[in-house]
Amino acid sequence: MSARAAGSLDPRDRLGIDELLSAEELAIRDTALFVSDRISPHVADWYEVRYGIVWGSMGAARAAFQTALDYSKTRTQFERPLAAFHLTQQKLANMSLALSKGLLLALHLTLRLGRRKDVGTLLSQQVSYGKLNNTREAIEICRTARTILGANGISYEYPIMRHMNNLGLRL
């Protein structure tokens, strides 16, 4: 029987179910209540302002691009730097274009969506579009950078794989 006085009702356990639960089940219930009471009310706000991911993904992409660019200028094949080959140039140009577009989108989101947040009209879907686009572009930039580095793209010496993993990419 509950430690409460007869006739008093525990607002958290109106039906007296706690008496039927094991210590483990009570711990699970308490964890769920903690999440419900302390975390869930803030999720929407945290979600809405997470457009920093739009910038962060481009930071990873920029690092991967710069690594590939530097590598392609110094690594030689057939007595020429990799950057001298048209296929490598095309990859670098496409990465540069995707990176520039992603940075422009991040800037737009920071300015436009930041203003919407300030006046209370920001929708989580608007942030999601930017996060989805820039994360996809960043993953593709990392993949392409990895192809330029060949087997070195998976070594500890170059950060490509670290950036890919940070973006959630699994090979």
# chains A, B, ... in the order shown; residues from 1 in each chain; ligands from 1
>>> closest_atom_pairs(of="segment 52-97 of chain A", to="segment 136-149 of chain A", cutoff="8 Å", atoms="only C-alpha atoms", output="Markdown table")
| residue | atom | partner | partner_atom | distance |
| --- | --- | --- | --- | --- |
| A:Ser57 | CA | A:Ala138 | CA | 5.8 |
| A:Met58 | CA | A:Ala138 | CA | 6.0 |
| A:Ala60 | CA | A:Ala138 | CA | 6.9 |
| A:Ala61 | CA | A:Ala138 | CA | 4.7 |
| A:Ala64 | CA | A:Cys142 | CA | 5.6 |
| A:Phe65 | CA | A:Ala145 | CA | 6.1 |
| A:Thr67 | CA | A:Ala145 | CA | 7.6 |
| A:Ala68 | CA | A:Ala145 | CA | 5.1 |
| A:Tyr71 | CA | A:Leu149 | CA | 7.0 |
| A:Ser72 | CA | A:Ile148 | CA | 7.0 |
| A:Thr88 | CA | A:Ile148 | CA | 6.8 |
| A:Lys91 | CA | A:Thr144 | CA | 6.7 |
| A:Met95 | CA | A:Ile141 | CA | 5.5 |
>>> write_last_selection(atoms="C-alpha atoms", output="PDB file, in the first residue's frame")
ATOM      1  CA  SER A  57      27.658  21.081 -43.018  1.00  0.00           C
ATOM      2  CA  MET A  58      29.218  23.624 -45.357  1.00  0.00           C
ATOM      3  CA  ALA A  60      32.812  20.187 -43.370  1.00  0.00           C
ATOM      4  CA  ALA A  61      32.352  20.463 -47.129  1.00  0.00           C
ATOM      5  CA  ALA A  64      36.975  18.419 -47.702  1.00  0.00           C
ATOM      6  CA  PHE A  65      37.119  20.596 -50.811  1.00  0.00           C
ATOM      7  CA  THR A  67      41.933  19.068 -48.829  1.00  0.00           C
ATOM      8  CA  ALA A  68      41.108  17.711 -52.291  1.00  0.00           C
ATOM      9  CA  TYR A  71      46.129  17.264 -52.688  1.00  0.00           C
ATOM     10  CA  SER A  72      45.359  17.498 -56.402  1.00  0.00           C
ATOM     11  CA  THR A  88      39.839  16.217 -61.619  1.00  0.00           C
ATOM     12  CA  LYS A  91      35.227  17.403 -59.924  1.00  0.00           C
ATOM     13  CA  MET A  95      32.503  20.846 -55.675  1.00  0.00           C
TER      14      MET A  95
END
>>> residues_around(residues="Thr135 of chain A", least_positions_apart="4", cutoff="12 Å", atoms="only C-alpha atoms", output="ChimeraX atom specification")
/A:51-61,98-99,102-103,105-106,128-131,139-142,163-169
>>> write_last_selection(atoms="N, CA and C atoms", output="compact mmCIF listing (two decimals), in the first residue's frame")
# COMPACT_ATOMS: atom_id res chain seq x y z
N TYR A 51 19.31 26.09 -37.56
CA TYR A 51 19.83 26.34 -38.89
C TYR A 51 21.34 26.52 -38.88
N GLY A 52 21.97 26.42 -37.72
CA GLY A 52 23.42 26.38 -37.65
C GLY A 52 23.98 25.16 -38.35
N ILE A 53 23.19 24.10 -38.44
CA ILE A 53 23.62 22.89 -39.15
C ILE A 53 23.84 23.22 -40.62
N VAL A 54 23.08 24.16 -41.14
CA VAL A 54 23.24 24.56 -42.54
C VAL A 54 24.65 25.10 -42.75
N TRP A 55 25.16 25.86 -41.78
CA TRP A 55 26.53 26.38 -41.86
C TRP A 55 27.54 25.28 -41.55
N GLY A 56 27.26 24.48 -40.53
CA GLY A 56 28.20 23.44 -40.13
C GLY A 56 28.49 22.43 -41.21
N SER A 57 27.45 22.05 -41.93
CA SER A 57 27.66 21.08 -43.02
C SER A 57 28.53 21.68 -44.12
N MET A 58 28.38 22.97 -44.35
CA MET A 58 29.22 23.62 -45.36
C MET A 58 30.66 23.78 -44.85
N GLY A 59 30.83 23.89 -43.56
CA GLY A 59 32.18 23.92 -43.01
C GLY A 59 32.92 22.62 -43.27
N ALA A 60 32.22 21.50 -43.07
CA ALA A 60 32.81 20.19 -43.37
C ALA A 60 33.10 20.07 -44.86
N ALA A 61 32.17 20.53 -45.68
CA ALA A 61 32.35 20.46 -47.13
C ALA A 61 33.53 21.31 -47.58
N ALA A 98 28.92 23.68 -55.82
CA ALA A 98 28.00 23.20 -54.78
C ALA A 98 28.29 23.89 -53.45
N LEU A 99 29.56 24.07 -53.14
CA LEU A 99 29.95 24.74 -51.92
C LEU A 99 29.47 26.19 -51.92
N GLY A 102 25.73 26.32 -51.45
CA GLY A 102 25.40 26.00 -50.06
C GLY A 102 25.67 27.16 -49.12
N LEU A 103 26.77 27.85 -49.34
CA LEU A 103 27.09 29.01 -48.51
C LEU A 103 26.09 30.15 -48.73
N LEU A 105 22.97 29.74 -49.62
CA LEU A 105 21.74 29.31 -48.94
C LEU A 105 21.86 29.53 -47.44
N ALA A 106 23.00 29.19 -46.87
CA ALA A 106 23.21 29.40 -45.43
C ALA A 106 23.09 30.88 -45.07
N SER A 128 14.34 22.92 -42.18
CA SER A 128 14.63 21.57 -42.65
C SER A 128 15.08 21.54 -44.10
N TYR A 129 14.49 22.37 -44.93
CA TYR A 129 14.91 22.42 -46.34
C TYR A 129 16.39 22.79 -46.46
N GLY A 130 16.80 23.80 -45.73
CA GLY A 130 18.20 24.21 -45.77
C GLY A 130 19.12 23.14 -45.23
N LYS A 131 18.73 22.52 -44.11
CA LYS A 131 19.57 21.46 -43.54
C LYS A 131 19.67 20.29 -44.49
N ILE A 139 27.77 16.05 -48.18
CA ILE A 139 28.10 14.63 -48.33
C ILE A 139 28.63 14.36 -49.72
N GLU A 140 28.01 14.94 -50.73
CA GLU A 140 28.47 14.73 -52.11
C GLU A 140 29.86 15.34 -52.32
N ILE A 141 30.10 16.49 -51.75
CA ILE A 141 31.43 17.11 -51.85
C ILE A 141 32.47 16.20 -51.19
N CYS A 142 32.16 15.67 -50.02
CA CYS A 142 33.10 14.76 -49.34
C CYS A 142 33.34 13.50 -50.16
N HIS A 163 35.12 13.99 -41.89
CA HIS A 163 34.03 14.88 -42.29
C HIS A 163 32.82 14.09 -42.79
N MET A 164 33.09 13.03 -43.54
CA MET A 164 31.99 12.20 -44.03
C MET A 164 31.22 11.59 -42.85
N ASN A 165 31.95 11.10 -41.86
CA ASN A 165 31.29 10.51 -40.70
C ASN A 165 30.54 11.55 -39.89
N ASN A 166 31.09 12.73 -39.77
CA ASN A 166 30.39 13.79 -39.06
C ASN A 166 29.07 14.16 -39.75
N LEU A 167 29.03 13.98 -41.04
CA LEU A 167 27.80 14.29 -41.78
C LEU A 167 26.85 13.10 -41.80
N GLY A 168 27.24 12.00 -41.20
CA GLY A 168 26.35 10.86 -41.11
C GLY A 168 26.43 9.91 -42.28
N LEU A 169 27.45 10.05 -43.10
CA LEU A 169 27.58 9.19 -44.28
C LEU A 169 28.20 7.87 -43.89
>>> select_by_dssp(residues="chain A", states="helix (DSSP H, G or I)", output="ChimeraX atom specification")
/A:17-20,23-48,52-74,82-84,86-119,124-154,160-166
>>> closest_residue(among="A:Gly16, A:Gly150, A:Leu9, A:Glu25", to="Leu82 of chain A", atoms="only C-alpha atoms")
A:Gly150
